[in-house]
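Shown next: start.cif, given as mmCIF, C-alpha atoms.
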```cif
data_run
#
loop_
_atom_site.label_atom_id
_atom_site.label_comp_id
_atom_site.auth_asym_id
_atom_site.auth_seq_id
_atom_site.Cartn_x
_atom_site.Cartn_y
_atom_site.Cartn_z
CA MET A 1 98.12 85.94 86.29
CA ILE A 2 94.89 86.47 88.19
CA ILE A 3 93.11 89.66 87.18
CA GLY A 4 90.24 91.39 89.00
CA LEU A 5 87.81 94.08 87.81
CA PRO A 6 84.79 95.83 89.40
CA VAL A 7 81.80 95.08 87.12
CA ASN A 8 78.18 96.19 86.78
CA ALA A 9 76.54 92.75 86.68
CA ASN A 10 77.39 89.04 86.84
CA ASN A 11 77.84 88.84 83.08
CA LEU A 12 80.51 90.00 80.65
CA GLU A 13 78.17 92.26 78.65
CA GLU A 14 77.40 95.04 81.12
CA GLY A 15 80.98 96.12 81.50
CA ILE A 16 83.33 97.62 84.07
CA SER A 17 81.72 99.53 86.95
CA ALA A 18 82.37 103.25 87.34
CA SER A 19 82.82 102.62 91.09
CA TYR A 20 85.45 100.36 92.59
CA GLY A 21 84.21 99.88 96.17
CA ARG A 22 80.49 99.93 95.48
CA ALA A 23 80.55 97.75 92.34
CA PRO A 24 77.95 94.99 92.80
CA PHE A 25 80.33 92.28 91.49
CA TYR A 26 83.97 91.63 90.73
CA TYR A 27 85.10 89.57 87.75
CA ILE A 28 88.08 87.37 88.58
CA TYR A 29 89.96 85.99 85.57
CA ASP A 30 92.85 83.51 85.54
CA SER A 31 94.99 83.97 82.43
CA GLN A 32 96.57 80.53 82.77
CA THR A 33 93.34 78.54 82.79
CA LYS A 34 91.57 81.24 80.72
CA GLU A 35 88.61 80.93 83.08
CA GLY A 36 86.77 83.58 85.00
CA HIS A 37 84.07 83.86 87.63
CA PHE A 38 81.99 86.56 89.30
CA VAL A 39 82.18 87.34 92.99
CA ASP A 40 79.41 89.09 94.90
CA ASN A 41 80.76 92.31 96.50
CA LYS A 42 79.52 92.01 100.06
CA ALA A 43 81.00 95.40 100.93
CA ALA A 44 78.86 97.33 98.40
CA GLY A 45 76.07 98.10 100.87
CA ASP A 46 78.22 98.93 103.92
CA VAL A 47 78.11 102.45 105.33
CA GLY A 48 81.84 103.03 105.59
CA GLY A 49 85.20 101.43 104.88
CA VAL A 50 83.79 99.99 101.67
CA GLY A 51 87.09 100.36 99.81
CA VAL A 52 89.01 98.52 102.54
CA LYS A 53 86.54 95.64 102.76
CA SER A 54 86.41 95.16 98.99
CA ALA A 55 90.22 95.31 98.90
CA GLN A 56 90.19 92.42 101.38
CA LEU A 57 87.89 90.53 98.99
CA ILE A 58 90.27 91.18 96.08
CA ILE A 59 93.22 89.97 98.17
CA ASP A 60 91.33 86.83 99.23
CA GLN A 61 90.68 86.04 95.55
CA LYS A 62 94.50 86.00 95.07
CA VAL A 63 94.23 88.80 92.51
CA GLU A 64 97.61 89.99 91.17
CA ALA A 65 96.38 92.80 88.90
CA LEU A 66 93.35 95.02 89.51
CA ILE A 67 91.86 96.97 86.61
CA THR A 68 89.61 99.84 87.70
CA PRO A 69 88.61 103.30 86.46
CA ARG A 70 89.26 104.82 89.90
CA LEU A 71 90.33 103.99 93.43
CA GLY A 72 90.19 105.65 96.86
CA ASP A 73 93.24 106.17 99.04
CA GLN A 74 92.34 103.69 101.81
CA ALA A 75 91.69 100.88 99.32
CA ALA A 76 94.89 101.74 97.45
CA GLN A 77 96.87 101.56 100.71
CA VAL A 78 95.61 98.03 101.40
CA LEU A 79 95.99 96.78 97.82
CA GLU A 80 99.50 98.21 97.54
CA GLY A 81 100.32 96.58 100.89
CA ALA A 82 99.33 93.28 99.30
CA GLU A 83 101.54 94.14 96.29
CA ILE A 84 98.65 93.97 93.84
CA GLY A 85 99.29 95.78 90.54
CA LEU A 86 96.83 98.63 89.95
CA TYR A 87 95.86 99.48 86.35
CA LYS A 88 93.57 102.11 84.87
CA SER A 89 90.78 100.72 82.70
CA GLN A 90 90.32 101.91 79.11
CA GLY A 91 86.65 102.06 78.16
CA THR A 92 84.30 99.62 79.88
CA ASP A 93 84.70 96.35 77.92
CA ILE A 94 85.80 93.64 80.35
CA MET A 95 87.61 91.24 77.99
CA GLU A 96 89.30 94.03 76.02
CA ASN A 97 90.78 95.36 79.25
CA ILE A 98 91.96 91.91 80.33
CA GLU A 99 93.67 91.42 76.96
CA ALA A 100 95.19 94.89 77.21
CA VAL A 101 96.69 94.29 80.66
CA LEU A 102 98.13 90.95 79.52
CA ALA A 103 99.72 92.72 76.54
CA SER A 104 101.13 95.36 78.95
CA GLU A 105 99.04 98.00 77.21
CA LEU A 106 97.28 99.42 80.27
CA GLU A 107 98.76 102.26 82.25
CA LYS A 108 99.36 102.04 85.97
CA LEU A 109 96.68 103.76 88.03
CA THR A 110 98.35 106.85 89.45
CA GLU A 111 95.42 109.08 90.35
CA ILE A 112 94.15 107.99 93.74
CA HIS A 113 91.17 110.03 94.98
CA PRO A 114 90.82 110.96 98.65
CA GLY A 115 87.95 108.53 99.19
CA HIS A 116 84.39 109.04 100.33
CA HIS A 117 84.85 108.19 103.98
CA GLY A 118 83.48 110.57 106.56
CA ASN A 119 80.56 111.00 108.84
CA MET B 1 71.03 128.55 128.93
CA LYS B 2 72.53 126.56 126.07
CA ILE B 3 71.43 127.45 122.56
CA ALA B 4 72.50 125.45 119.50
CA VAL B 5 72.36 127.02 116.04
CA LEU B 6 71.96 124.59 113.15
CA SER B 7 70.85 124.65 109.54
CA GLY B 8 71.35 121.47 107.56
CA LYS B 9 72.84 123.28 104.59
CA GLY B 10 76.23 124.97 104.90
CA GLY B 11 76.54 128.68 104.18
CA THR B 12 73.08 129.44 105.50
CA GLY B 13 74.19 131.74 108.30
CA LYS B 14 74.82 129.62 111.41
CA THR B 15 78.04 131.43 112.24
CA LEU B 16 76.56 134.86 111.45
CA VAL B 17 73.69 134.21 113.87
CA SER B 18 75.85 132.51 116.54
CA VAL B 19 78.57 135.17 116.59
CA ASN B 20 76.09 138.02 116.76
CA LEU B 21 74.02 136.35 119.50
CA ALA B 22 77.18 135.88 121.59
CA ALA B 23 78.14 139.51 120.95
CA ALA B 24 74.63 140.66 121.91
CA ALA B 25 74.81 138.62 125.12
CA GLY B 26 77.99 140.45 126.11
CA LYS B 27 79.04 137.82 128.64
CA ALA B 28 78.73 134.42 126.97
CA SER B 29 80.52 131.33 125.72
CA TYR B 30 80.70 130.59 122.01
CA LEU B 31 81.55 127.08 120.82
CA ASP B 32 82.50 126.51 117.20
CA CYS B 33 81.52 122.90 116.48
CA ASP B 34 82.06 123.17 112.72
CA VAL B 35 85.41 121.49 113.31
CA GLU B 36 86.20 120.80 109.65
CA GLU B 37 86.21 124.49 108.88
CA PRO B 38 85.70 126.57 112.02
CA ASN B 39 85.35 130.24 111.16
CA GLY B 40 83.80 131.93 114.21
CA HIS B 41 87.31 132.86 115.38
CA LEU B 42 87.75 134.98 112.25
CA PHE B 43 85.12 137.37 113.65
CA PHE B 44 86.09 137.25 117.32
CA LYS B 45 89.88 137.14 116.86
CA PRO B 46 90.16 135.76 120.43
CA GLU B 47 93.21 136.48 122.55
CA GLY B 48 95.12 134.47 125.15
CA ILE B 49 94.66 131.21 123.27
CA GLU B 50 95.08 127.99 125.24
CA THR B 51 95.27 124.80 123.18
CA ARG B 52 94.31 121.27 124.17
CA GLN B 53 95.06 118.32 121.89
CA VAL B 54 92.33 115.78 121.17
CA LYS B 55 93.48 112.17 120.98
CA VAL B 56 91.74 108.91 120.15
CA PRO B 57 92.82 105.32 120.80
CA VAL B 58 93.66 103.24 117.73
CA PRO B 59 94.87 99.63 117.58
CA ARG B 60 98.50 98.72 117.01
CA VAL B 61 99.59 95.20 116.10
CA ASP B 62 102.51 93.21 117.43
CA LYS B 63 103.55 91.43 114.23
CA GLU B 64 105.38 88.75 116.20
CA LEU B 65 102.16 87.74 117.95
CA CYS B 66 99.67 88.12 115.05
CA ASP B 67 98.98 84.76 113.41
CA GLY B 68 96.66 86.17 110.72
CA CYS B 69 93.44 84.64 112.06
CA ARG B 70 91.53 87.76 110.93
CA LYS B 71 89.03 87.75 113.78
CA CYS B 72 89.71 91.48 114.15
CA VAL B 73 89.04 92.10 110.44
CA ASP B 74 85.68 90.31 110.66
CA CYS B 75 84.80 92.05 113.93
CA CYS B 76 85.29 95.61 112.65
CA THR B 77 81.95 97.21 111.70
CA PHE B 78 83.82 100.11 110.14
CA ASN B 79 86.12 97.99 107.95
CA ALA B 80 89.19 99.69 109.41
CA LEU B 81 91.30 96.52 109.35
CA ALA B 82 92.49 94.34 106.47
CA HIS B 83 94.89 91.43 106.21
CA THR B 84 97.06 91.38 103.09
CA GLY B 85 98.06 87.74 103.56
CA LYS B 86 101.41 88.91 104.88
CA GLU B 87 100.42 91.43 107.51
CA LEU B 88 97.58 93.20 109.26
CA MET B 89 96.86 96.73 108.02
CA ILE B 90 95.12 99.27 110.25
CA LEU B 91 93.36 102.22 108.61
CA ASP B 92 93.56 104.80 111.40
CA ARG B 93 91.31 107.41 109.81
CA ILE B 94 88.24 105.17 109.57
CA CYS B 95 88.78 103.54 112.98
CA HIS B 96 86.01 104.59 115.39
CA SER B 97 88.07 103.67 118.48
CA CYS B 98 85.57 101.09 119.73
CA GLY B 99 88.30 98.73 120.96
CA GLY B 100 86.46 95.66 119.61
CA CYS B 101 89.47 94.31 117.71
CA VAL B 102 91.63 94.39 120.84
CA LEU B 103 88.97 92.41 122.73
CA VAL B 104 88.52 89.68 120.10
CA CYS B 105 92.21 89.04 119.34
CA PRO B 106 92.95 85.53 120.67
CA GLN B 107 96.72 86.13 120.42
CA LYS B 108 96.59 89.40 122.37
CA ALA B 109 98.53 90.88 119.46
CA LEU B 110 96.57 94.14 119.47
CA SER B 111 96.92 97.00 121.91
CA GLU B 112 95.80 100.62 121.85
CA GLU B 113 97.85 103.72 121.20
CA TYR B 114 96.68 107.34 121.35
CA ARG B 115 96.73 109.40 118.16
CA VAL B 116 96.16 113.17 117.84
CA ILE B 117 93.30 114.05 115.46
CA GLY B 118 92.85 117.72 116.25
CA ARG B 119 92.63 120.31 118.99
CA VAL B 120 90.36 122.64 120.93
CA GLU B 121 91.42 126.26 121.34
CA ARG B 122 90.06 128.54 124.03
CA GLY B 123 90.48 132.30 124.00
CA LEU B 124 88.72 135.50 124.95
CA TRP B 125 87.03 138.29 122.99
CA GLN B 126 85.86 140.92 125.46
CA ASP B 127 83.65 138.90 127.83
CA VAL B 128 82.98 136.12 125.31
CA GLU B 129 84.83 132.84 125.85
CA VAL B 130 85.57 131.49 122.38
CA HIS B 131 86.04 127.70 122.12
CA THR B 132 87.08 126.44 118.70
CA GLY B 133 87.18 122.77 117.71
CA ILE B 134 89.68 122.04 114.95
CA LEU B 135 89.91 118.70 113.13
CA ASN B 136 93.27 118.08 111.47
CA THR B 137 93.19 118.12 107.67
CA GLY B 138 92.67 114.66 106.21
CA GLU B 139 90.93 113.26 109.28
CA ALA B 140 87.47 111.76 108.71
CA ILE B 141 85.91 111.40 112.14
CA SER B 142 85.08 114.57 114.02
CA THR B 143 82.95 113.34 116.93
CA PRO B 144 85.82 112.98 119.46
CA ILE B 145 86.52 116.73 119.11
CA LEU B 146 82.83 117.47 119.59
CA GLU B 147 82.74 115.23 122.66
CA ASP B 148 85.61 117.26 124.07
CA LEU B 149 83.70 120.50 123.37
CA MET B 150 80.53 119.05 124.94
CA ASN B 151 82.48 118.14 128.07
CA GLN B 152 83.32 121.85 128.26
CA VAL B 153 79.68 122.83 127.70
CA ARG B 154 78.49 120.85 130.73
CA GLY B 155 80.71 122.95 132.96
CA LEU B 156 79.71 126.33 131.52
CA ASP B 157 77.24 128.67 133.18
CA GLY B 158 75.42 131.62 131.64
CA ILE B 159 74.60 131.97 127.98
CA VAL B 160 76.25 129.36 125.77
CA ILE B 161 75.96 129.58 121.99
CA ILE B 162 76.77 126.36 120.12
CA ASP B 163 77.58 126.91 116.43
CA ALA B 164 76.77 123.46 115.00
CA PRO B 165 78.32 121.88 111.91
CA PRO B 166 76.27 121.71 108.69
CA GLY B 167 74.13 118.67 107.93
CA SER B 168 72.06 116.49 110.23
CA ALA B 169 74.43 113.57 110.86
CA CYS B 170 76.27 112.27 113.98
CA ASN B 171 78.41 115.38 114.32
CA VAL B 172 75.33 117.62 114.45
CA MET B 173 73.59 115.33 116.95
CA GLU B 174 76.67 115.38 119.17
CA SER B 175 76.67 119.20 119.00
CA ILE B 176 73.03 119.70 119.95
CA LYS B 177 72.59 117.03 122.62
CA GLU B 178 73.48 119.37 125.51
CA ALA B 179 71.39 122.27 124.17
CA ASP B 180 68.27 123.59 125.94
CA TYR B 181 67.00 125.27 122.79
CA LEU B 182 67.63 124.95 119.04
CA LEU B 183 67.72 127.75 116.49
CA LEU B 184 67.18 126.56 112.93
CA VAL B 185 68.59 128.96 110.33
CA ALA B 186 66.98 128.66 106.88
CA GLU B 187 67.54 130.08 103.42
CA PRO B 188 64.81 131.14 100.98
CA SER B 189 65.43 128.40 98.41
CA ILE B 190 64.16 124.91 97.56
CA PHE B 191 67.51 123.49 98.68
CA GLY B 192 67.29 125.56 101.87
CA LEU B 193 63.77 124.26 102.51
CA HIS B 194 64.89 120.65 102.07
CA ASN B 195 67.60 121.14 104.69
CA LEU B 196 65.21 122.98 107.01
CA GLU B 197 62.94 119.92 106.85
CA MET B 198 65.87 117.71 107.83
CA VAL B 199 66.89 119.75 110.88
CA HIS B 200 63.22 120.20 111.83
CA GLU B 201 62.93 116.41 111.92
CA LEU B 202 66.12 116.22 113.98
CA ALA B 203 64.73 118.74 116.50
CA GLN B 204 61.62 116.58 116.85
CA VAL B 205 63.67 113.38 117.28
CA PHE B 206 65.63 115.07 120.08
CA ASP B 207 62.38 116.50 121.48
CA LYS B 208 63.93 119.91 122.06
CA PRO B 209 62.17 123.28 121.82
CA PHE B 210 63.18 125.23 118.75
CA GLY B 211 62.55 128.33 116.66
CA VAL B 212 63.43 129.39 113.12
CA VAL B 213 65.53 132.29 111.86
CA LEU B 214 64.97 133.12 108.19
CA ASN B 215 68.16 134.45 106.61
CA LYS B 216 68.84 136.15 103.25
CA VAL B 217 65.21 137.24 103.10
CA THR B 218 64.10 139.15 99.96
CA GLU B 219 60.76 140.36 98.59
CA GLN B 220 60.44 137.14 96.60
CA PHE B 221 58.54 134.00 97.61
CA ASN B 222 60.29 132.20 100.47
CA PRO B 223 59.69 128.41 100.48
CA SER B 224 61.22 128.11 103.98
CA GLU B 225 58.83 130.76 105.36
CA GLN B 226 55.88 129.01 103.71
CA TYR B 227 56.98 125.75 105.38
CA CYS B 228 57.08 127.48 108.78
CA LEU B 229 53.59 128.90 108.22
CA ASP B 230 52.23 125.53 107.08
CA LYS B 231 53.78 123.65 110.01
CA LYS B 232 53.10 126.48 112.48
CA LEU B 233 56.79 126.81 113.36
CA ARG B 234 57.82 129.87 115.36
CA ILE B 235 59.81 132.38 113.26
CA LEU B 236 61.99 134.39 115.65
CA ALA B 237 63.69 136.71 113.17
CA LYS B 238 64.03 137.55 109.51
CA ILE B 239 67.49 138.68 108.47
CA PRO B 240 67.42 140.58 105.17
CA PHE B 241 69.61 139.75 102.17
CA ASP B 242 71.54 142.93 102.73
CA PHE B 243 74.60 144.59 101.20
CA GLU B 244 75.78 146.20 104.45
CA LEU B 245 75.56 142.90 106.35
CA GLY B 246 77.47 141.11 103.59
CA GLU B 247 80.15 143.77 103.58
CA ILE B 248 80.63 143.72 107.37
CA SER B 249 80.85 139.90 107.38
CA SER B 250 83.28 139.79 104.44
CA ASN B 251 85.58 142.09 106.38
CA GLY B 252 85.44 139.84 109.44
CA GLY B 253 83.32 142.31 111.38
CA ILE B 254 80.54 141.63 113.86
CA ALA B 255 77.35 143.30 112.63
CA TYR B 256 76.00 143.71 116.17
CA ASN B 257 78.93 146.00 116.92
CA GLU B 258 79.16 147.82 113.60
CA SER B 259 75.61 148.52 112.49
CA PRO B 260 72.80 150.07 114.57
CA ARG B 261 70.20 148.26 112.42
CA PHE B 262 71.70 144.87 113.09
CA ARG B 263 72.44 145.69 116.72
CA LEU B 264 68.67 146.06 117.08
CA LEU B 265 67.90 142.91 115.08
CA PHE B 266 70.30 140.58 116.91
CA GLY B 267 69.54 142.19 120.30
CA ASP B 268 65.84 141.47 119.75
CA LEU B 269 66.62 137.96 118.52
CA LEU B 270 68.64 137.16 121.65
CA LYS B 271 65.79 138.39 123.85
CA GLU B 272 63.27 136.29 121.88
CA VAL B 273 65.48 133.21 122.10
CA LEU B 274 66.05 133.56 125.84
CA ASP B 275 62.34 134.14 126.49
CA GLU B 276 61.37 131.14 124.34
CA ALA B 277 64.01 128.92 125.91
CA ALA B 278 62.99 129.97 129.44
CA ALA B 279 59.30 129.38 128.63
CA ASN B 280 60.09 125.86 127.43
CA SER B 281 62.52 124.82 130.13
#
```
Would you put the structure from the file into structure tokens?
Amino acid sequence: MIIGLPVNANNLEEGISASYGRAPFYYIYDSQTKEGHFVDNKAAGDVGGVGVKSAQLIIDQKVEALITPRLGDQAAQVLEGAEIGLYKSQGTDIMENIEAVLASELEKLTEIHPGHHGN
Amino acid sequence: MKIAVLSGKGGTGKTLVSVNLAAAAGKASYLDCDVEEPNGHLFFKPEGIETRQVKVPVPRVDKELCDGCRKCVDCCTFNALAHTGKELMILDRICHSCGGCVLVCPQKALSEEYRVIGRVERGLWQDVEVHTGILNTGEAISTPILEDLMNQVRGLDGIVIIDAPPGSACNVMESIKEADYLLLVAEPSIFGLHNLEMVHELAQVFDKPFGVVLNKVTEQFNPSEQYCLDKKLRILAKIPFDFELGEISSNGGIAYNESPRFRLLFGDLLKEVLDEAAANS
């Protein structure tokens, strides 16, 4: 399974980002090869539609499960359209969350906030 | 004469000033441009309401024709399109109706459809024409409703009072662009001062004549007043932080009509504004 997470930096130490759409990087981990890599979030600096653009990035990385502390409604609409599983992170440790989702220990993300889009 | 009332911060008194100026004018048009939460109508309670829907074009995809090339996704500045690998998704609420995606689609799979995002209501209170812009709940982009209101403004004669939305973003700019004169309403607080600075800058960018109304004025130090003195901005009125005024407003009353004190204050303010606007036009 390919797992994606919004992260604070391009290393495993600085943890999961509090923001989904404006996270500076995503960590993409493949549980079969047990390898991961960091992807630059090009949407982070955009004025609007950040959630949608970063959802496109997650889709293009072939992610099957996204672990995030929160998610806006527009991003959720796109990710759900791509049938990507959405999971709520527990704490901020990246590898602990990946292990938890593989062990089916993470809850589905049910609280979708109304987003930050506007004028 | 078209006068726009703005403030940066919400809750400063734009609607209080706008409603009372329109009432003082007697024969006037009042436009509520705070389309996310218009409340001028609560005071006027206009009658004979006519409603006009406001629609915007949004793209629709013909799934048979779309080959997933994603040129539309890359073209959209507002990130309103995404391709899930299986299909194209269109996020209506963040679409700015520019039509770019329709133009770039090599398959001609995209076309435009009109979608209702809100309405404009027009009614009468005495001799005041009350125009209210209303954005539907959940919608994110208000400018098309303001454009509709501004189209009305161009055709209006006499005194027109434009009650602008809070802030200093696109929606405010749209609301003030037709105005001959700007009234900046300011609160006596650090936050109020910050927002006064923002709308002051906006007035300068638009190169429009303006004056300041200080609201909620007490005996205490007023940072907004100090700013006006330092920058030599014209203060047209000081509205006191007053129990009677608060009570009238909370009951949906118009102070100009209900209180002799405020009839005098808003009557004088209207005269000042019209004199200033005429002197600068």
**OP:** Fewer than 2 positions away in the same chain doesn't count, so skip those; otherwise give me all residues within 12 Å of A:Glu99, counting only C-alpha atoms, as a list in words.
**Re:**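 Within the cut-off, the hits are Met1, Ile3, Tyr29, Asp30, Ser31, Lys34, Ile67, Ser89, Gln90, Asp93, Ile94, Met95, Glu96, Asn97, Val101, Leu102, Ala103, Ser104, Glu105 and Leu106 of chain A.
Distances from B:Pro260, B:Gly40, B:Pro144, B:Gly155 to B:Lys2 were compared using only C-alpha atoms, and the smallest one belongs to B:Gly155.
When atom CA of B:Pro106 is paired with atom CA of A:Asn41, their separation reads 27.9 Å.
With all atoms listed in the file as the atoms that count, the residue of A:Ile112, A:Ala82, A:Ala23, A:Leu5 with the shortest distance to B:Glu87 is A:Ala82.
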At most 6 Å to chain B: residues in chain A, only C-alpha atoms, as a PDB file with C-alpha atoms, in the coordinates of the input:
```pdb
ATOM      1  CA  GLY A  48      81.840 103.030 105.590  1.00  0.00           C
ATOM      2  CA  GLY A  49      85.200 101.430 104.880  1.00  0.00           C
ATOM      3  CA  LYS A  53      86.540  95.640 102.760  1.00  0.00           C
ATOM      4  CA  GLN A  56      90.190  92.420 101.380  1.00  0.00           C
ATOM      5  CA  ALA A  82      99.330  93.280  99.300  1.00  0.00           C
ATOM      6  CA  GLY A 118      83.480 110.570 106.560  1.00  0.00           C
TER       7      GLY A 118
END
```
**OP:** Measure the distance from atom CA of A:Ile2 to atom CA of A:Glu64 in Å and round it to one decimal.
**Re:**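 Computing it gives 5.4 Å between the two atoms.
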**OP:** Return the single residue from B:Met173, B:Leu236, B:Ile190, B:Ile162 that is closest to B:Lys271, with distances computed using only C-alpha atoms.
**Re:** B:Leu236
Original post:
Can you list, as number ranges by chain, every protein, DNA or RNA residue that comes within 12 Å of B:Glu147 when you count only C-alpha atoms, leaving out same-chain residues fewer than 2 positions away?
Top reply: B: 33, 35, 54-56, 119-120, 133, 141-145, 149-154, 170-178
Subject >> Test item: which residues lie within 7 Å of (77.9, 94.3, 91.6) counting only C-alpha atoms, as number ranges by chain >> reply: A: 7-9, 23-26, 40-41
Step by step, work through what the PyMOL selection byres ((chain A and resi 113) around 6) selects in the shown file, and finish by giving those residues as a JSON list (two decimals) with C-alpha atoms, in the coordinates of the input.
```json
[["chain", "number", "residue", "atom", "x", "y", "z"],
["A", 72, "GLY", "CA", 90.19, 105.65, 96.86],
["A", 73, "ASP", "CA", 93.24, 106.17, 99.04],
["A", 112, "ILE", "CA", 94.15, 107.99, 93.74],
["A", 114, "PRO", "CA", 90.82, 110.96, 98.65],
["A", 115, "GLY", "CA", 87.95, 108.53, 99.19]]
```
Original post:
Closest to B:Leu202 among B:Gly118, B:Gly99, B:Gly26, B:Gly167, using only C-alpha atoms?
Top reply: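 Of B:Gly118, B:Gly99, B:Gly26, B:Gly167, the one nearest B:Leu202 is B:Gly167, counting only C-alpha atoms.
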